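work.txt follows (compact mmCIF, C-alpha atoms):
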```txt
# COMPACT_ATOMS: atom_id res chain seq x y z
CA MET A 1 52.35 77.16 62.94
CA GLU A 2 55.08 74.59 62.38
CA LEU A 3 58.54 76.04 62.93
CA ILE A 4 61.39 75.26 60.57
CA THR A 5 64.70 74.60 62.27
CA ASN A 6 68.19 75.68 61.25
CA LYS A 7 68.98 72.00 60.76
CA LYS A 8 66.17 71.58 58.23
CA ILE A 9 67.17 74.77 56.40
CA PHE A 10 70.77 73.59 56.33
CA LYS A 11 69.86 70.15 54.97
CA PHE A 12 67.71 71.72 52.22
CA TRP A 13 70.36 74.34 51.39
CA LEU A 14 73.44 72.12 51.50
CA PRO A 15 72.94 70.33 48.13
CA LEU A 16 72.19 73.65 46.44
CA ALA A 17 75.23 75.21 48.09
CA ALA A 18 77.30 72.26 46.93
CA THR A 19 75.93 72.76 43.43
CA TRP A 20 76.91 76.42 43.31
CA LEU A 21 80.23 75.70 45.01
CA MET A 22 81.10 73.06 42.46
CA MET A 23 80.15 75.44 39.64
CA SER A 24 82.35 78.11 41.21
CA LEU A 25 85.32 75.76 40.89
CA GLU A 26 84.97 75.72 37.10
CA GLY A 27 86.51 79.16 36.73
CA PRO A 28 89.65 78.57 38.82
CA PHE A 29 90.17 75.12 37.28
CA LEU A 30 89.92 76.37 33.70
CA ALA A 31 91.96 79.49 34.46
CA ALA A 32 94.68 77.23 35.88
CA ILE A 33 94.64 75.12 32.70
CA ILE A 34 94.77 78.19 30.45
CA ALA A 35 97.55 79.75 32.53
CA ARG A 36 99.72 76.69 31.86
CA LEU A 37 99.27 76.75 28.08
CA ILE A 38 100.95 78.94 25.45
CA ASP A 39 100.47 82.74 25.72
CA PRO A 40 98.59 82.69 29.03
CA LYS A 41 98.08 86.47 29.20
CA TYR A 42 96.37 86.63 25.81
CA ASN A 43 94.33 83.49 26.33
CA LEU A 44 93.21 84.37 29.86
CA ALA A 45 92.13 87.77 28.60
CA ALA A 46 90.31 86.28 25.58
CA TYR A 47 88.60 83.62 27.68
CA GLY A 48 87.46 86.29 30.16
CA VAL A 49 86.01 88.47 27.39
CA ALA A 50 84.28 85.55 25.60
CA PHE A 51 82.79 84.33 28.87
CA SER A 52 81.53 87.85 29.65
CA PHE A 53 79.80 87.93 26.25
CA ALA A 54 78.27 84.50 26.88
CA LEU A 55 77.01 85.60 30.31
CA ILE A 56 75.09 88.56 28.93
CA ILE A 57 73.62 86.41 26.14
CA GLU A 58 72.35 83.82 28.64
CA ALA A 59 70.97 86.50 30.98
CA PRO A 60 67.29 86.13 29.98
CA VAL A 61 67.22 82.47 31.08
CA ILE A 62 69.26 82.78 34.29
CA MET A 63 66.15 83.28 36.43
CA MET A 64 64.35 80.26 34.94
CA MET A 65 65.26 78.20 38.01
CA SER A 66 63.57 80.70 40.33
CA ALA A 67 60.58 80.93 38.00
CA ALA A 68 60.13 77.14 37.83
CA THR A 69 60.51 76.87 41.60
CA ALA A 70 57.82 79.51 42.14
CA LEU A 71 55.38 78.80 39.29
CA VAL A 72 55.34 75.11 38.24
CA LYS A 73 52.53 73.75 40.42
CA ASP A 74 50.71 71.52 37.92
CA TYR A 75 50.72 70.30 34.31
CA GLY A 76 49.26 73.51 32.92
CA SER A 77 51.90 75.74 34.45
CA PHE A 78 54.59 73.17 33.48
CA LYS A 79 53.64 73.27 29.79
CA LYS A 80 53.32 77.03 29.62
CA LEU A 81 56.59 77.80 31.36
CA ARG A 82 58.40 75.11 29.34
CA ASN A 83 57.16 76.62 26.06
CA PHE A 84 58.05 80.09 27.32
CA ASN A 85 61.54 78.83 28.10
CA PHE A 86 61.96 77.31 24.64
CA ILE A 87 61.00 80.60 22.99
CA ILE A 88 63.46 82.64 25.04
CA SER A 89 66.28 80.11 24.54
CA GLY A 90 65.72 80.09 20.78
CA LEU A 91 65.74 83.87 20.56
CA ILE A 92 68.96 84.33 22.51
CA THR A 93 70.74 81.62 20.51
CA GLY A 94 69.71 83.51 17.36
CA ILE A 95 71.16 86.73 18.81
CA MET A 96 74.40 84.91 19.54
CA LEU A 97 74.58 83.77 15.91
CA ILE A 98 74.14 87.35 14.74
CA LEU A 99 76.96 88.52 17.01
CA LEU A 100 79.19 85.84 15.48
CA ILE A 101 78.96 87.49 12.06
CA PRO A 102 82.62 88.52 11.63
CA SER A 103 82.00 92.17 10.73
CA ILE A 104 79.69 92.67 13.75
CA PHE A 105 82.02 90.85 16.13
CA ASP A 106 85.07 92.77 14.87
CA PHE A 107 83.27 96.08 15.41
CA ILE A 108 82.37 95.21 19.02
CA ALA A 109 85.66 93.60 20.02
CA TYR A 110 88.10 95.83 18.16
CA ASN A 111 86.39 99.19 17.69
CA LEU A 112 84.27 99.36 20.86
CA ILE A 113 86.28 97.40 23.43
CA GLY A 114 89.68 98.02 21.89
CA LEU A 115 91.06 94.49 22.19
CA GLU A 116 94.45 93.73 20.76
CA LYS A 117 94.27 91.80 17.50
CA GLN A 118 95.56 88.54 18.99
CA VAL A 119 93.10 88.73 21.89
CA GLU A 120 90.23 89.52 19.51
CA GLU A 121 90.94 86.47 17.31
CA LEU A 122 91.12 84.16 20.31
CA THR A 123 87.94 85.68 21.77
CA TYR A 124 86.02 85.01 18.53
CA LYS A 125 87.04 81.34 18.51
CA ALA A 126 86.09 80.88 22.16
CA PHE A 127 82.76 82.67 21.73
CA PHE A 128 81.89 80.49 18.73
CA VAL A 129 82.53 77.34 20.75
CA LEU A 130 80.17 78.68 23.46
CA LEU A 131 77.23 78.73 21.01
CA PRO A 132 75.33 75.87 22.77
CA TRP A 133 75.76 77.56 26.16
CA PRO A 134 72.60 79.73 26.52
CA GLY A 135 70.09 77.11 25.31
CA ALA A 136 71.57 74.42 27.54
CA ILE A 137 71.53 76.77 30.55
CA GLY A 138 67.85 77.61 30.07
CA TYR A 139 66.90 73.96 29.62
CA ARG A 140 68.67 72.65 32.71
CA ARG A 141 67.64 75.54 34.98
CA PHE A 142 63.98 74.92 34.14
CA TYR A 143 64.18 71.28 35.23
CA GLN A 144 66.35 72.12 38.22
CA GLY A 145 63.67 74.53 39.44
CA ILE A 146 61.09 71.74 39.24
CA MET A 147 63.35 69.44 41.27
CA ILE A 148 63.91 72.14 43.91
CA ARG A 149 60.17 72.74 44.23
CA ASN A 150 59.72 69.01 44.86
CA ASN A 151 62.43 68.87 47.55
CA LEU A 152 64.90 67.01 45.34
CA THR A 153 67.83 69.35 45.80
CA ARG A 154 70.30 66.47 45.92
CA ARG A 155 69.56 65.67 42.29
CA VAL A 156 70.50 69.21 41.34
CA ALA A 157 73.86 68.57 43.02
CA TYR A 158 74.24 65.25 41.17
CA GLY A 159 73.78 67.11 37.88
CA THR A 160 76.56 69.49 38.80
CA VAL A 161 78.85 66.55 39.63
CA ILE A 162 78.23 65.30 36.09
CA ARG A 163 78.95 68.78 34.73
CA LEU A 164 82.22 69.13 36.64
CA THR A 165 83.37 65.64 35.76
CA THR A 166 82.69 66.24 32.07
CA MET A 167 84.38 69.64 32.18
CA SER A 168 87.47 68.24 33.90
CA LEU A 169 87.84 65.30 31.53
CA THR A 170 87.33 67.50 28.47
CA SER A 171 89.78 70.20 29.54
CA LEU A 172 92.48 67.72 30.59
CA SER A 173 92.08 65.77 27.35
CA LEU A 174 92.35 68.91 25.24
CA TYR A 175 95.29 70.10 27.37
CA HIS A 176 97.28 66.90 26.92
CA PHE A 177 96.28 65.72 23.44
CA THR A 178 95.67 68.84 21.34
CA GLU A 179 97.39 72.09 20.52
CA LEU A 180 94.26 74.24 20.80
CA PRO A 181 94.66 77.73 22.30
CA GLY A 182 93.85 77.99 26.00
CA ALA A 183 90.78 80.18 25.42
CA VAL A 184 89.28 77.53 23.10
CA VAL A 185 90.12 74.75 25.57
CA GLY A 186 88.24 76.61 28.31
CA ALA A 187 85.20 77.42 26.14
CA SER A 188 84.98 73.88 24.73
CA SER A 189 85.08 72.39 28.21
CA LEU A 190 82.26 74.67 29.40
CA SER A 191 80.00 73.95 26.42
CA ILE A 192 80.35 70.17 26.60
CA ALA A 193 79.90 70.22 30.39
CA VAL A 194 76.71 72.28 30.43
CA LEU A 195 75.18 70.16 27.65
CA SER A 196 75.87 67.05 29.73
CA GLU A 197 74.28 68.63 32.80
CA ALA A 198 71.19 69.70 30.84
CA ILE A 199 70.60 66.14 29.58
CA ALA A 200 71.19 64.71 33.05
CA SER A 201 68.74 67.19 34.62
CA ARG A 202 66.01 66.15 32.23
CA PHE A 203 66.51 62.49 33.08
CA MET A 204 66.58 63.14 36.82
CA ALA A 205 63.34 65.15 36.60
CA HIS A 206 61.62 62.43 34.54
CA LYS A 207 59.55 60.90 37.37
CA ILE A 208 58.38 64.28 38.61
CA VAL A 209 57.33 65.35 35.11
CA ALA A 210 55.58 62.00 34.57
CA GLN A 211 53.66 62.46 37.82
CA ILE A 212 52.65 65.98 36.82
CA LYS A 213 51.38 64.65 33.49
CA ILE A 214 49.42 61.83 35.16
CA GLU A 215 47.69 64.29 37.48
CA ASN A 216 46.91 66.38 34.36
CA ILE A 217 45.53 69.33 36.29
CA ASP A 218 45.41 72.33 33.97
CA SER A 219 45.78 75.48 36.03
CA GLU A 220 43.52 78.38 35.19
CA GLU A 221 45.49 80.68 37.45
CA ILE A 222 48.45 81.17 35.14
CA GLY A 223 48.65 82.10 31.49
CA TYR A 224 51.40 83.30 29.19
CA SER A 225 50.63 86.92 30.06
CA ASN A 226 50.98 86.08 33.77
CA ILE A 227 54.29 84.34 33.11
CA PHE A 228 55.54 87.25 31.05
CA ASN A 229 54.55 89.85 33.66
CA PHE A 230 56.20 87.79 36.39
CA TYR A 231 59.32 86.89 34.44
CA TYR A 232 60.28 89.92 32.40
CA PRO A 233 61.51 91.96 35.41
CA LEU A 234 63.66 88.98 36.40
CA ALA A 235 65.01 88.56 32.87
CA LEU A 236 65.65 92.29 32.60
CA THR A 237 67.41 92.17 35.96
CA SER A 238 69.75 89.43 34.74
CA LEU A 239 70.29 91.15 31.41
CA ILE A 240 71.23 94.44 33.04
CA GLY A 241 73.25 92.76 35.79
CA LEU A 242 75.24 90.49 33.52
CA GLY A 243 75.45 93.16 30.84
CA VAL A 244 77.74 95.08 33.13
CA HIS A 245 80.54 92.57 32.52
CA PRO A 246 81.15 93.54 28.87
CA MET A 247 80.94 97.18 29.97
CA VAL A 248 83.52 96.55 32.68
CA THR A 249 85.67 94.80 30.08
CA PHE A 250 85.35 97.88 27.86
CA PHE A 251 86.50 100.24 30.62
CA ILE A 252 89.31 97.93 31.67
CA GLY A 253 90.48 97.92 28.06
CA GLN A 254 90.76 101.72 28.23
CA SER A 255 92.68 101.79 31.52
CA GLN A 256 96.35 101.68 32.42
CA MET A 257 97.76 98.12 32.70
CA ALA A 258 94.80 96.93 30.63
CA LEU A 259 96.23 93.55 29.59
CA GLU A 260 97.26 92.68 33.15
CA SER A 261 93.84 93.73 34.45
CA LEU A 262 92.03 91.64 31.83
CA ALA A 263 94.25 88.65 32.67
CA VAL A 264 93.60 88.71 36.45
CA PHE A 265 89.94 89.73 36.18
CA PRO A 266 88.59 86.15 35.63
CA VAL A 267 90.98 84.75 38.27
CA ILE A 268 89.83 87.19 40.97
CA ASN A 269 86.21 86.73 39.90
CA SER A 270 86.60 82.98 40.26
CA LEU A 271 87.91 83.27 43.83
CA VAL A 272 85.16 85.68 44.89
CA PHE A 273 82.50 83.58 43.19
CA ILE A 274 83.40 80.58 45.33
CA PHE A 275 82.13 82.54 48.35
CA ARG A 276 79.38 84.42 46.53
CA SER A 277 77.97 81.17 45.17
CA LEU A 278 77.04 79.96 48.64
CA GLY A 279 75.00 83.12 49.10
CA LEU A 280 73.40 82.91 45.66
CA SER A 281 72.26 79.35 46.39
CA TYR A 282 70.20 80.62 49.31
CA GLN A 283 67.74 82.43 47.02
CA GLU A 284 65.98 79.26 45.87
CA VAL A 285 65.97 77.96 49.46
CA VAL A 286 63.96 80.99 50.62
CA ILE A 287 61.56 80.79 47.67
CA ALA A 288 60.89 77.09 48.35
CA LEU A 289 60.66 77.23 52.16
CA VAL A 290 59.28 80.63 53.17
CA GLY A 291 55.66 79.42 52.88
CA ASP A 292 52.63 80.90 51.12
CA LYS A 293 52.05 83.27 54.05
CA GLY A 294 55.68 83.74 55.04
CA GLU A 295 55.41 81.35 57.97
CA HIS A 296 59.14 80.64 58.05
CA PHE A 297 60.40 84.16 57.32
CA ASN A 298 62.10 84.78 60.68
CA GLN A 299 63.92 81.44 60.72
CA LEU A 300 65.23 81.98 57.18
CA ILE A 301 66.45 85.48 58.05
CA SER A 302 68.25 84.17 61.14
CA PHE A 303 70.04 81.52 59.08
CA ALA A 304 70.97 84.13 56.45
CA LYS A 305 72.68 86.36 59.04
CA LYS A 306 74.92 83.51 60.16
CA LEU A 307 75.66 82.55 56.56
CA GLY A 308 76.58 86.11 55.54
CA LEU A 309 78.93 86.54 58.51
CA PHE A 310 80.66 83.22 57.80
CA LEU A 311 81.19 83.91 54.09
CA GLY A 312 82.31 87.51 54.58
CA LEU A 313 84.92 86.61 57.18
CA GLY A 314 86.13 83.65 55.11
CA LEU A 315 87.07 85.72 52.06
CA ILE A 316 88.51 88.58 54.11
CA ILE A 317 90.86 86.13 55.89
CA ILE A 318 92.07 84.76 52.56
CA ALA A 319 92.50 88.23 51.05
CA VAL A 320 94.67 89.68 53.84
CA THR A 321 96.87 86.63 54.50
CA PRO A 322 99.48 84.73 52.45
CA ILE A 323 96.72 82.28 51.49
CA SER A 324 95.90 84.66 48.65
CA TYR A 325 99.35 84.09 47.10
CA LEU A 326 98.89 80.34 47.45
CA TRP A 327 95.66 80.71 45.47
CA PHE A 328 97.03 82.99 42.76
CA ASN A 329 100.45 81.32 42.36
CA SER A 330 99.97 77.63 43.05
CA VAL A 331 96.31 77.08 42.19
CA SER A 332 95.69 79.61 39.41
CA GLY A 333 99.20 79.50 37.94
CA LEU A 334 99.69 83.28 37.78
CA SER A 335 103.18 84.74 37.68
CA ASN A 336 104.54 86.55 40.74
CA GLU A 337 103.92 89.84 38.94
CA LEU A 338 100.24 89.10 38.33
CA SER A 339 99.79 87.60 41.81
CA ASN A 340 101.06 90.81 43.43
CA PHE A 341 98.87 92.80 41.07
CA SER A 342 95.81 90.82 42.28
CA LYS A 343 96.30 91.44 46.02
CA LEU A 344 94.73 94.90 46.44
CA PRO A 345 91.58 94.31 44.33
CA THR A 346 90.95 91.05 46.20
CA ILE A 347 91.05 92.86 49.55
CA ILE A 348 88.68 95.56 48.26
CA ILE A 349 86.07 93.10 47.00
CA SER A 350 86.20 90.75 49.99
CA ILE A 351 82.96 92.13 51.46
CA MET A 352 80.97 91.03 48.39
CA PRO A 353 79.91 87.54 49.68
CA ALA A 354 78.11 89.07 52.68
CA LEU A 355 76.34 91.55 50.40
CA THR A 356 75.37 88.65 48.12
CA VAL A 357 73.58 86.84 50.96
CA LEU A 358 71.67 90.02 51.76
CA ILE A 359 70.54 90.70 48.20
CA SER A 360 69.67 87.02 47.65
CA ILE A 361 67.20 86.96 50.52
CA GLN A 362 65.76 90.33 49.47
CA ARG A 363 65.18 89.08 45.93
CA ALA A 364 63.80 85.75 47.15
CA ILE A 365 61.14 87.38 49.32
CA LEU A 366 60.11 89.72 46.50
CA VAL A 367 59.89 86.80 44.04
CA SER A 368 57.93 84.67 46.53
CA PHE A 369 55.32 87.39 46.95
CA LYS A 370 55.15 88.23 43.23
CA ASN A 371 56.71 91.71 43.46
CA THR A 372 59.57 91.41 40.98
CA SER A 373 59.73 94.96 39.58
CA PRO A 374 61.88 96.43 42.42
CA ILE A 375 64.53 93.82 41.63
CA THR A 376 64.94 95.34 38.18
CA TYR A 377 65.15 98.90 39.50
CA ALA A 378 67.76 97.84 42.05
CA THR A 379 69.85 96.27 39.31
CA ILE A 380 69.61 99.43 37.19
CA ILE A 381 70.87 101.41 40.17
CA GLU A 382 73.69 98.92 40.77
CA VAL A 383 74.87 98.92 37.16
CA SER A 384 74.63 102.70 36.90
CA ILE A 385 76.83 103.13 39.97
CA ILE A 386 79.34 100.59 38.63
CA ILE A 387 79.63 102.39 35.28
CA LEU A 388 79.84 105.82 36.91
CA THR A 389 82.55 104.60 39.29
CA LEU A 390 84.52 103.05 36.44
CA PHE A 391 84.33 106.23 34.39
CA VAL A 392 85.42 108.47 37.24
CA SER A 393 88.11 106.09 38.51
CA ILE A 394 89.70 105.42 35.13
CA LYS A 395 89.15 108.67 33.21
CA MET A 396 89.67 111.10 36.08
CA PHE A 397 91.86 109.29 38.65
CA ASP A 398 93.71 106.98 36.22
CA LEU A 399 93.31 103.89 38.42
CA THR A 400 94.20 100.48 37.02
CA GLY A 401 91.21 98.76 35.44
CA ILE A 402 90.94 95.93 37.95
CA VAL A 403 91.00 98.24 41.01
CA ALA A 404 88.40 100.55 39.46
CA SER A 405 86.15 97.59 38.62
CA VAL A 406 86.11 96.06 42.12
CA ILE A 407 85.43 99.46 43.71
CA GLY A 408 82.53 99.85 41.28
CA PHE A 409 81.13 96.40 42.10
CA ILE A 410 81.13 97.11 45.84
CA LEU A 411 79.58 100.58 45.62
CA GLY A 412 76.96 99.36 43.15
CA ARG A 413 75.91 96.45 45.34
CA ILE A 414 75.67 98.63 48.45
CA CYS A 415 73.33 101.01 46.62
CA ALA A 416 71.21 98.11 45.32
CA VAL A 417 70.65 96.46 48.70
CA THR A 418 69.88 99.85 50.22
CA TYR A 419 67.15 100.45 47.63
CA LEU A 420 65.67 96.94 48.06
CA MET A 421 65.35 97.47 51.80
CA PHE A 422 62.24 99.60 51.21
CA PRO A 423 60.03 97.05 49.36
CA PHE A 424 61.56 94.23 51.43
CA ASN A 425 60.62 95.93 54.69
CA LYS A 426 57.05 96.50 53.46
CA ILE A 427 56.59 92.77 52.95
CA LYS A 428 58.36 92.08 56.24
CA MET A 429 55.93 94.31 58.16
CA LYS A 430 52.92 92.59 56.59
CA LEU A 431 54.30 89.17 57.50
CA LEU A 432 55.00 90.21 61.07
CA LYS A 433 51.43 91.49 61.45
CA ASN A 434 50.13 88.10 60.32
```
Can you dump the structure from the file as structure tokens?
Amino acid sequence: MELITNKKIFKFWLPLAATWLMMSLEGPFLAAIIARLIDPKYNLAAYGVAFSFALIIEAPVIMMMSAATALVKDYGSFKKLRNFNFIISGLITGIMLILLIPSIFDFIAYNLIGLEKQVEELTYKAFFVLLPWPGAIGYRRFYQGIMIRNNLTRRVAYGTVIRLTTMSLTSLSLYHFTELPGAVVGASSLSIAVLSEAIASRFMAHKIVAQIKIENIDSEEIGYSNIFNFYYPLALTSLIGLGVHPMVTFFIGQSQMALESLAVFPVINSLVFIFRSLGLSYQEVVIALVGDKGEHFNQLISFAKKLGLFLGLGLIIIAVTPISYLWFNSVSGLSNELSNFSKLPTIIISIMPALTVLISIQRAILVSFKNTSPITYATIIEVSIIILTLFVSIKMFDLTGIVASVIGFILGRICAVTYLMFPFNKIKMKLLKN
């Protein structure tokens, strides 16, 4: 059996890590732009709410990268998964259009979440601008998965460079040359950027797709029912997992210091996501490299332990030192009041990157060996714990919304990884016997 070295894992992972890291910079960059425009509290809050809505809408296509990495082996599987992707993307865009009907949106934003009128109006405008978001995400993740499967991870990173460049140019242009509200500036920049990345991904995958078509091998091993059975637990996982963000927004809106909590929520999330993203990027690495019989399982686990330790310590150091104020004040543009308000929740959530590495490798092994259902159950457990913690913390202990939310995220993730240990260990024991 050929061993895979840490160096080879690192070289394969690095472009994907760079991709996720670059994407994680979008949030802080746009938050910094919004914080420097008129009415930063209202616009930061509105942008955070609109982005949360967009995340849950795009949830069904989030796992398309993992699916393409695992399933696209020939022209037959390429066509079927591509068509499957088009159907899902069309459906979720239609749902987004329905939510944009003013009476429906007003009911959700005003009656259910309890947003202030000014925040609600800004959220609607930002959400409307994000209309192209879910379809573009599904399209580019499909082709990125194909590139990852064919060891072209650098091209995935190139696409993200295009996305970031477009986002930066768009946001700076709108900042300097228009009088658009900050929430609309942020949403416009995201939509234009992800459309650019989707187009670029298709072009960069052109030769691979052409080669697949030339080979013209039509797989009999996979049909639409197989794709559906494989994918729906992953889509449900994303839907439930990302669906928690609007729920968290709802509870924050009912808490004390609600506006301040909504304003710092996207800023703290952006900082944590920088570290979490490096762990999330490891999922596709494991799927691509573990081998059909799990030949490289032990080496991938060893690398993951080092990665989790590095990321966990990195965020903890930032959270407990004055570096956090440098981030919140100088980089994100928050006031001293909001920067101080962000300190405690950042310390509480600083363990999340290490937990992200753990759950990424658990999910990757389950996806690689076609056992996706436990991933959904784990996510249901995680979301349930988050909601329960929010309810108890806010309704019974009257904690601020942001502190209650980060406590919920940590407890939920701990319960999820604990549950996944059981199916993960079953696969691990089988691999070790082989």
Fewer than 5 positions away in the same chain doesn't count, so skip those; otherwise give me all residues within 9 Å of Ser384 in chain A, counting all atoms listed in the file, as a compact mmCIF listing (two decimals) with C-alpha atoms, keeping the file's coordinate frame.
```txt
# COMPACT_ATOMS: atom_id res chain seq x y z
CA THR A 379 69.85 96.27 39.31
CA THR A 389 82.55 104.60 39.29
CA GLY A 412 76.96 99.36 43.15
```
Need the neighbours of (52.4, 71.5, 34.1): which residues are at most 12 Å away, counting all atoms listed in the file, as a short mmCIF file (atom, residue, chain, number, x, y, z; two decimals) with C-alpha atoms, keeping the file's coordinate frame?
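Ended up saving to selection.cif:
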```
data_model
loop_
_atom_site.label_atom_id
_atom_site.label_comp_id
_atom_site.auth_asym_id
_atom_site.auth_seq_id
_atom_site.Cartn_x
_atom_site.Cartn_y
_atom_site.Cartn_z
CA ALA A 68 60.13 77.14 37.83
CA LEU A 71 55.38 78.80 39.29
CA VAL A 72 55.34 75.11 38.24
CA LYS A 73 52.53 73.75 40.42
CA ASP A 74 50.71 71.52 37.92
CA TYR A 75 50.72 70.30 34.31
CA GLY A 76 49.26 73.51 32.92
CA SER A 77 51.90 75.74 34.45
CA PHE A 78 54.59 73.17 33.48
CA LYS A 79 53.64 73.27 29.79
CA LYS A 80 53.32 77.03 29.62
CA LEU A 81 56.59 77.80 31.36
CA ARG A 82 58.40 75.11 29.34
CA ASN A 83 57.16 76.62 26.06
CA TYR A 143 64.18 71.28 35.23
CA ILE A 146 61.09 71.74 39.24
CA ILE A 208 58.38 64.28 38.61
CA VAL A 209 57.33 65.35 35.11
CA ALA A 210 55.58 62.00 34.57
CA GLN A 211 53.66 62.46 37.82
CA ILE A 212 52.65 65.98 36.82
CA LYS A 213 51.38 64.65 33.49
CA ILE A 214 49.42 61.83 35.16
CA GLU A 215 47.69 64.29 37.48
CA ASN A 216 46.91 66.38 34.36
CA ILE A 217 45.53 69.33 36.29
CA ASP A 218 45.41 72.33 33.97
CA SER A 219 45.78 75.48 36.03
CA GLU A 220 43.52 78.38 35.19
CA GLU A 221 45.49 80.68 37.45
CA ILE A 222 48.45 81.17 35.14
CA GLY A 223 48.65 82.10 31.49
#
```
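Between CA of Pro132 in chain A and CA of Leu195 in chain A lies a distance of 7.5 Å.
The coordinates place CA of Ala258 in chain A at 12.3 Å from CA of Leu338 in chain A.
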Name all residues at most 7 Å from Met63 in chain A (count only C-alpha atoms; drop same-chain ones fewer than 2 positions away) and give them as a PyMOL selection string. chain A and resi 61+65-67+234-235
Need to verify the contact set: Ile9 in chain A, 8 Å, all atoms listed in the file, exclusion of same-chain residues closer than 5 positions in sequence. Can you return it as a ChimeraX atom specification? /A:4,285,300,303
Would you pick out the contacts of Leu99 in chain A at 10 Å or less, using all atoms listed in the file, so that residues sharing its chain but fewer than 6 positions from it are not included, and give the list as an MDAnalysis selection string? chainID A and resid 53 57 93 105:108 124 127:128
The residue from A:Asn226, A:Cys415, A:Ser324, A:Thr400 with the smallest atom-to-atom distance to Phe84 in chain A, counting all atoms listed in the file, is A:Asn226
Residue neighbourhood Val392 in chain A, 12 Å, all atoms listed in the file, exclusion window fewer than 5 positions, as a list in words: Phe251, Ser255, Ile385, Ile386, Ile387, Phe397, Asp398, Leu399, Thr400, Gly401, Ala404, Ser405, Ile407 and Gly408 of chain A
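Around the coordinate (98.2, 81.6, 21.3), residues that reach within 6 Å when counting all atoms listed in the file are Ile38, Asp39 and Pro181 of chain A.
Take CA of Ala50 in chain A and CA of Leu259 in chain A: the distance between them is 14.9 Å.
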Min atom-atom distance to Leu315 in chain A from the set A:Tyr282, A:Trp20, A:Phe275, A:Phe328, counting only C-alpha atoms, belongs to A:Phe275
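Across A:Glu179, A:Thr166, A:Thr346, A:His206, the tightest approach to Ile323 in chain A is made by A:Thr346 when counting only C-alpha atoms.
With distances restricted to only C-alpha atoms, A:Ile268 is the closest residue to Val403 in chain A from A:Ile268, A:Gln299, A:Leu420, A:Gly294.
With only C-alpha atoms as the atoms that count, the residue of A:Ile34, A:Leu55, A:Ala70, A:Val406 with the shortest distance to Asn269 in chain A is A:Val406.
Ranking A:Ile92, A:Leu355, A:Tyr110, A:Val119 by their shortest atom-to-atom distance to Leu309 in chain A, with all atoms listed in the file included, puts A:Leu355 first.
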Since the input lacks atoms, please generate N, CA and C atoms for range 339-350 of chain A and provide them as a PDB file, in the frame of the given file.
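The result, written out as result_23.pdb:
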```pdb
ATOM      1  N   SER A 339     100.285  87.911  40.461  1.00  0.00           N
ATOM      2  CA  SER A 339      99.790  87.600  41.810  1.00  0.00           C
ATOM      3  C   SER A 339      99.838  88.834  42.700  1.00  0.00           C
ATOM      4  N   ASN A 340     100.948  89.565  42.657  1.00  0.00           N
ATOM      5  CA  ASN A 340     101.060  90.810  43.430  1.00  0.00           C
ATOM      6  C   ASN A 340     100.041  91.844  42.966  1.00  0.00           C
ATOM      7  N   PHE A 341      99.827  91.864  41.667  1.00  0.00           N
ATOM      8  CA  PHE A 341      98.870  92.800  41.070  1.00  0.00           C
ATOM      9  C   PHE A 341      97.439  92.505  41.537  1.00  0.00           C
ATOM     10  N   SER A 342      97.158  91.243  41.890  1.00  0.00           N
ATOM     11  CA  SER A 342      95.810  90.820  42.280  1.00  0.00           C
ATOM     12  C   SER A 342      95.485  91.080  43.745  1.00  0.00           C
ATOM     13  N   LYS A 343      96.482  91.357  44.562  1.00  0.00           N
ATOM     14  CA  LYS A 343      96.300  91.440  46.020  1.00  0.00           C
ATOM     15  C   LYS A 343      95.328  92.534  46.431  1.00  0.00           C
ATOM     16  N   LEU A 344      95.558  93.773  46.017  1.00  0.00           N
ATOM     17  CA  LEU A 344      94.730  94.900  46.440  1.00  0.00           C
ATOM     18  C   LEU A 344      93.271  94.756  46.001  1.00  0.00           C
ATOM     19  N   PRO A 345      92.993  94.451  44.710  1.00  0.00           N
ATOM     20  CA  PRO A 345      91.580  94.310  44.330  1.00  0.00           C
ATOM     21  C   PRO A 345      90.866  93.196  45.077  1.00  0.00           C
ATOM     22  N   THR A 346      91.581  92.142  45.442  1.00  0.00           N
ATOM     23  CA  THR A 346      90.950  91.050  46.200  1.00  0.00           C
ATOM     24  C   THR A 346      90.547  91.524  47.589  1.00  0.00           C
ATOM     25  N   ILE A 347      91.381  92.313  48.229  1.00  0.00           N
ATOM     26  CA  ILE A 347      91.050  92.860  49.550  1.00  0.00           C
ATOM     27  C   ILE A 347      89.826  93.776  49.450  1.00  0.00           C
ATOM     28  N   ILE A 348      89.788  94.615  48.412  1.00  0.00           N
ATOM     29  CA  ILE A 348      88.680  95.560  48.260  1.00  0.00           C
ATOM     30  C   ILE A 348      87.345  94.849  48.099  1.00  0.00           C
ATOM     31  N   ILE A 349      87.327  93.759  47.326  1.00  0.00           N
ATOM     32  CA  ILE A 349      86.070  93.100  47.000  1.00  0.00           C
ATOM     33  C   ILE A 349      85.680  92.011  47.999  1.00  0.00           C
ATOM     34  N   SER A 350      86.438  91.863  49.066  1.00  0.00           N
ATOM     35  CA  SER A 350      86.200  90.750  49.990  1.00  0.00           C
ATOM     36  C   SER A 350      84.886  90.836  50.759  1.00  0.00           C
TER      37      SER A 350
END
```
